[in-house]
Amino acid sequence: RAALAQEPETDQQSAARYFDRLDQKKQGFITLADMQRIETKVFNRTDENKDGQMTLSEYNFGIPDEREDVIERFTRRFRLADADTNGRVTLDEYMQFCANVIAAADVDKDGKVTKDEFVAASGGGTAE
């Protein structure tokens with residue numbers, strides 16, 4: 001495919017696309033278990049050298065250099081997941097990151113995060 005210049009994506013647009021990927025059952029909501037199940041697979045795929053830890057370069061691998069908006073968003077997400085700030089994210093840290101995302105987004109605390117809740121929680125840089 002020819003590389004087409006893409007407009008930068010807003011945090012809200014990115015969150016909506018991310019939600020759609022997490023809502024695999026197309027129920028209109030996600031739970032912590034849904035997110036952790038999917039993100040465990042992502043973690044295992046992303047941990048290129050299989051050392052049980054993701055580095056920023058592993059996490060950002062494959063993002064085209066010209067997509068600075070995506071690189072910035074993924075870097076911000078990685079840093080939020082890196083609880084001990086050692087430059088590596090373990091599966092435990094990543095699962096806690098998922099729990100933090102769901103807790104922040106689940107405004108009515110019913111254990112289900114709707115797309116509107118998820119997008120609102122992305123709110124242009126919250127959790128930074």
# chains A, B, ... in the order shown; residues from 1 in each chain; ligands from 1
$ residues_around --residues "Gly52 (chain A)" --least-positions-apart "2" --cutoff "7 Å" --atoms "only C-alpha atoms" --output "NGL selection string"
:A and (47 or 50 or 54 or 90-91)
$ select_by_dssp --residues "chain A" --states "alpha helix (DSSP H)" --output "PyMOL selection string"
chain A and resi 11-22+32-46+56-60+68-81+91-105+115-122
$ closest_atom_pairs --of "region 22-116 of chain A" --to "region 8-16 of chain A" --cutoff "10 Å" --atoms "only C-alpha atoms" --output "Markdown table"
| residue | atom | partner | partner_atom | distance |
| --- | --- | --- | --- | --- |
| A:Leu22 | CA | A:Ala16 | CA | 9.9 |
| A:Glu66 | CA | A:Pro8 | CA | 9.9 |
| A:Arg67 | CA | A:Pro8 | CA | 7.4 |
| A:Glu68 | CA | A:Pro8 | CA | 8.1 |
| A:Asp69 | CA | A:Pro8 | CA | 5.8 |
| A:Val70 | CA | A:Glu9 | CA | 7.7 |
| A:Arg73 | CA | A:Asp11 | CA | 7.8 |
| A:Lys115 | CA | A:Ala16 | CA | 6.7 |
| A:Asp116 | CA | A:Ala16 | CA | 8.4 |
$ atom_distance --atom1 "CA of Asp20 (chain A)" --atom2 "CA of Pro64 (chain A)"
21.9 Å
$ select_by_dssp --residues "chain A" --states "strand (DSSP E)" --output "PyMOL selection string"
chain A and resi 29-30+53-55+88-90+113-114
$ closest_residue --among "A:Lys112, A:Arg77, A:Arg45, A:Arg17" --to "Ile30 (chain A)" --atoms "only C-alpha atoms"
A:Lys112
$ atom_distance --atom1 "CA of Val107 (chain A)" --atom2 "CA of Ala33 (chain A)"
17.2 Å
